[in-house]
Amino acid sequence: CWEVRKQNSSEWCHFIRSNPDCRMDGGFLDYLNGVFCVFPPQLLPLTVTLYALWLLYLFIILGVTAEKFFCPNLSAISTNLKLSHNVAAFSLTCPLHGVTFLAFGNGAPDVFSAVVAFSDPRTAGLAIGAIFGAGVFVTTVVAGGIALVKPFTAASRPFLRDVIFYMLAVFLTFLVLYFGRIRLGEALGYLGLYVFYVITVVLCTCIHRRQRGDGLPPPGPWEPEMPTDSEEPEPSGTNNSDYGEEYRPLLPSQETSLRILTTALSPLDYRKWRRKPWYWRLFKTFRVPVELVLLLTVPVVDPDKDDRNWKRPLNCLHILTSPLICILTLKSGAYGLYQIQGVFPVWGLVTLVGSVLAIIIFITTSNEEPPKYHCVFAFLGFLASAMWINAAATELVNILRTLGIIFQLSNTVLGLTLLAWGNSIGDTFSDLTMARQGYPRMAFSACFGGIIFNILVGVGLGCLLQMSSSQPLVKLEPDGLLVWVLAGALGLSLVFSFVSVPAQCFQLSKAYGICLIAYYMVFLCVALLTEFRVIHLSTS
């Protein structure tokens with residue numbers, strides 16, 4: 001499909017529509033058809049600008065959905081499963097929560113993007129580039145930024161454990177790329193390695209607690225510093241002050257069902273709006289439409305509130321809208337539009353059943369007291385938010401592939417730059433904020449713990465879902481030298497940290513941070529020079 005730009009502009013549309021390689025199997029919008037058929041060639045710069053703005057908005061959708069809806073529902077599910085709510089990079093009370101539920105919540109955009117990218121061999125390079133690119137970015141720029149913001153003493157044993165597991169994951173991916181395919185055993189090996197990593201974290205933490213006693217000890221030079229309940233930073237879910245103030249009525253009034261519904265659907269707190277700076281207001285303006293649609297379609301259960309965030313009229317509406325969104329976003333609406341025996345559409349049946357259930361729940365419940373089965377809404381919210389993230393990730397991958405065809409860029413370079421940066425920007429701000437608040441060890445641990453989940457579950461699950469009984473393998477087509485530059489850069493950065501951090505007695509200074517950031521700049525220059533064939537392998 002890359003040959004389209006070599007054709008005469010008058011033949012672009014015919015080439016796109018007649019070439020099977022230009023067909024986009026998933027997604028709601030056909031971006032290639034839009035840029036080469038809908039808009040005239042003279043408006044190509046305008047089309048690219050619109051696509052770039054839409055790309056940025058897709059990152060906003062991913063971030064808002066994961067932060068405000070996906071993660072809080074995961075937290076509620078873990079609470080209902082009797083897991084500890086003392087969440088950090090790795091929880092001393094229940095480490096299984098930190099390395100499973102928390103990692104899944106934080107890595108949801110990366111994992112869903114990888115799953116979508118692996119679904120098509122033409123976009124598999126996006127997944128490899130994004131996973132490796134995010135790994136290099138997080139282990140250099142983010143880790144270096146933490147050391148610059150607040151020099152500290154790293155937690156030695158967790159650091160060595162995480163780096164060793166991550167190097168194993170990178171080496172396994174290097175072998176997979178070398179052979180050019182992933183078989184069923186290798187995909188299961190990725191997931192098995194992550195399970196082994198989780199077991200290792202749990203065992204190490206249990207041994208540590210037994211040695212130190214059941215109480216929460218003061219942080220030593222070899223363990224991550226953990227906040228106590230009184231010191232714990234505000235969580236980033238919907239129960240924080242951002243949404244807590246926004247859901248609170250400005251004036252006292254009778255809590256009628258209509259009032260509850262309008263208050264719950266208001267994503268703005270006008271008092272907060274007035275005291276915030278202009279750039280916050282601008283960003284909030286772009287977020288409001290996304291938040292409003294998500295509030296309408298995704299329930300959120302908050303175990304920390306007395307009413308568990310029970311909003312009877314809105315939750316009854318969710319019984320209708322959440323299943324509807326799930327079937328309309330699954331396979332880009334293919335299942336939702338399917339007609340049963342060619343007569344009645346699936347979405348109509350879901351609407352009918354959902355309406356009946358919503359009426360029954362509205363009649364049998366009250367505004368003041370949540371029902372006993374309210375925890376079910378956390379699972380419904382988890383599923384609905386996951387489908388929203390999957391739909392946004394599908395559009396993200398398709399638009400990145402379109403931009404690659406327009407600018408003649410490989411999927412790998414788009415993955416290691418735009419997709420990796422977009423998916424890592426949230427973790428970057430949260431980790432740096434955590435470091436400024438006085439928890440640099442926790443932020444540094446999160447740098448390595450999160451990307452282990454992304455690479456092992458992203459590649460393993462992404463490839464496993466694409467396998468079938470007739471073809472139990474996924475073929476990978478590396479984009480030439482650039483993939484090996486990327487894999488080598490990630491491996492070298494890990495080896496550098498693995499050697500230099502113990503050599504400094506785990507005392508991470510600003511000089512270490514500067515070296516990591518400079519390393520990333522050099523890597524980025526080499527990657528771009530390789531992409532534009534300034535650096536290339538000589539063929540004799």
# chains A, B, ... in the order shown; residues from 1 in each chain; ligands from 1
>>> residues_around(residues="stretch 419-424 of chain A", least_positions_apart="4", cutoff="7 Å", atoms="only C-alpha atoms", output="PyMOL selection string")
chain A and resi 59+109-110+130+133-134+414-415+428
>>> atom_distance(atom1="atom CA of A:Trp388", atom2="atom CA of A:Ala334")
15.4 Å
>>> closest_residue(among="A:Val35, A:Trp310, A:Ile128, A:Leu349", to="A:Thr49", atoms="only C-alpha atoms")
A:Val35
>>> closest_residue(among="A:Ala143, A:Ala108, A:Met434, A:Leu175", to="A:Phe69", atoms="only C-alpha atoms")
A:Ala108
>>> closest_residue(among="A:Leu177, A:Ala117, A:Val293, A:Leu432", to="A:Phe444", atoms="only C-alpha atoms")
A:Leu432
>>> residues_around(residues="A:Ser355", least_positions_apart="4", cutoff="8 Å", atoms="only C-alpha atoms", output="list of chain:residue names")
A:Ile319, A:Leu320, A:Thr351, A:Ile359
>>> residues_around(residues="A:Leu494", least_positions_apart="5", cutoff="9 Å", atoms="only C-alpha atoms", output="ChimeraX atom specification")
/A:136,139,163-164,166-167,489,499
>>> select_by_dssp(residues="stretch 299-407 of chain A", states="helix (DSSP H, G or I)", output="PyMOL selection string")
chain A and resi 312-333+346-364+372-407
>>> closest_residue(among="A:Arg436, A:Lys6, A:Lys311, A:Arg181", to="A:Ala147", atoms="only C-alpha atoms")
A:Arg436
>>> closest_residue(among="A:Pro277, A:Gly144, A:Pro313, A:Pro502", to="A:Phe159", atoms="only C-alpha atoms")
A:Pro502
>>> residues_around(residues="A:Phe112", least_positions_apart="5", cutoff="8 Å", atoms="only C-alpha atoms", output="CSV table (one decimal) with all heavy atoms, in the first residue's frame")
chain,number,residue,atom,x,y,z
A,389,ILE,N,-11.7,1.3,25.7
A,389,ILE,CA,-10.3,1.3,25.5
A,389,ILE,C,-9.9,0.5,24.2
A,389,ILE,O,-9.1,1.0,23.4
A,389,ILE,CB,-9.5,0.8,26.7
A,389,ILE,CG1,-9.7,1.7,27.9
A,389,ILE,CG2,-8.1,0.6,26.4
A,389,ILE,CD1,-9.1,1.2,29.2
A,390,ASN,N,-10.5,-0.6,24.0
A,390,ASN,CA,-10.2,-1.4,22.8
A,390,ASN,C,-10.6,-0.7,21.5
A,390,ASN,O,-9.9,-0.7,20.5
A,390,ASN,CB,-11.0,-2.8,22.9
A,390,ASN,CG,-10.6,-3.7,21.7
A,390,ASN,OD1,-9.5,-4.1,21.6
A,390,ASN,ND2,-11.6,-3.9,20.9
A,393,ALA,N,-8.2,2.1,21.0
A,393,ALA,CA,-6.9,1.6,20.5
A,393,ALA,C,-6.9,1.1,19.1
A,393,ALA,O,-5.9,1.3,18.3
A,393,ALA,CB,-6.5,0.4,21.4
A,458,GLY,N,1.4,-8.0,27.0
A,458,GLY,CA,1.1,-7.4,25.7
A,458,GLY,C,1.4,-8.3,24.5
A,458,GLY,O,0.6,-8.6,23.6
>>> residues_around(residues="A:Ala358", least_positions_apart="4", cutoff="9 Å", atoms="only C-alpha atoms", output="list in words")
Asn315, Cys316, Leu317, His318, Ile319, Leu320, Val353, Gly354, Phe362 and Ile363 of chain A
>>> write_last_selection(atoms="C-alpha atoms", output="tab-separated table (two decimals), in the first residue's frame")
chain	number	residue	atom	x	y	z
A	315	ASN	CA	-27.05	3.09	37.37
A	316	CYS	CA	-30.39	1.92	35.99
A	317	LEU	CA	-29.53	3.74	32.77
A	318	HIS	CA	-26.18	1.92	32.76
A	319	ILE	CA	-28.04	-1.41	32.66
A	320	LEU	CA	-29.18	-0.34	29.20
A	353	VAL	CA	-33.70	-6.89	27.73
A	354	GLY	CA	-31.72	-3.98	29.22
A	362	PHE	CA	-35.47	1.08	39.48
A	363	ILE	CA	-38.69	-0.18	41.04
>>> residues_around(residues="A:Leu328", least_positions_apart="6", cutoff="8 Å", atoms="only C-alpha atoms", output="short mmCIF file (atom, residue, chain, number, x, y, z; two decimals) with N, CA, C and O atoms, in the first residue's frame")
data_model
loop_
_atom_site.label_atom_id
_atom_site.label_comp_id
_atom_site.auth_asym_id
_atom_site.auth_seq_id
_atom_site.Cartn_x
_atom_site.Cartn_y
_atom_site.Cartn_z
N ALA A 334 -19.90 -5.27 14.35
CA ALA A 334 -20.33 -6.37 13.48
C ALA A 334 -21.33 -7.28 14.19
O ALA A 334 -22.31 -7.73 13.59
N TYR A 335 -21.08 -7.56 15.49
CA TYR A 335 -22.00 -8.42 16.23
C TYR A 335 -23.29 -7.68 16.60
O TYR A 335 -24.37 -8.27 16.59
N GLY A 336 -23.17 -6.42 16.92
CA GLY A 336 -24.35 -5.66 17.30
C GLY A 336 -25.33 -5.47 16.17
O GLY A 336 -26.55 -5.43 16.37
N LEU A 337 -24.82 -5.35 14.94
CA LEU A 337 -25.69 -5.14 13.78
C LEU A 337 -26.18 -6.45 13.17
O LEU A 337 -26.98 -6.42 12.22
N TRP A 347 -28.67 -5.66 18.58
CA TRP A 347 -28.72 -4.47 19.43
C TRP A 347 -30.16 -4.20 19.89
O TRP A 347 -30.38 -3.68 20.99
#
>>> closest_residue(among="A:Cys204, A:Val301, A:Ile360, A:Leu188", to="A:Ser75", atoms="only C-alpha atoms")
A:Val301
>>> atom_distance(atom1="atom CA of A:Ala127", atom2="atom CA of A:Asp431")
23.4 Å
>>> atom_distance(atom1="atom CA of A:Asn19", atom2="atom CA of A:Thr394")
21.2 Å
>>> select_by_dssp(residues="stretch 319-467 of chain A", states="strand (DSSP E)", output="PyMOL selection string")
chain A and resi 339-340+344-345
>>> write_last_selection(atoms="N, CA and C atoms", output="PDB file, in the first residue's frame")
ATOM      1  N   GLN A 339     -28.336  -9.546  12.431  1.00  0.00           N
ATOM      2  CA  GLN A 339     -29.778  -9.755  12.580  1.00  0.00           C
ATOM      3  C   GLN A 339     -30.078 -11.228  12.839  1.00  0.00           C
ATOM      4  N   ILE A 340     -30.815 -11.489  13.921  1.00  0.00           N
ATOM      5  CA  ILE A 340     -31.174 -12.851  14.300  1.00  0.00           C
ATOM      6  C   ILE A 340     -32.184 -13.385  13.283  1.00  0.00           C
ATOM      7  N   PHE A 344     -34.488  -9.682  13.388  1.00  0.00           N
ATOM      8  CA  PHE A 344     -34.368  -8.807  14.549  1.00  0.00           C
ATOM      9  C   PHE A 344     -32.893  -8.590  14.877  1.00  0.00           C
ATOM     10  N   PRO A 345     -32.413  -7.322  14.939  1.00  0.00           N
ATOM     11  CA  PRO A 345     -30.983  -7.074  15.208  1.00  0.00           C
ATOM     12  C   PRO A 345     -30.632  -7.373  16.655  1.00  0.00           C
TER      13      PRO A 345
END
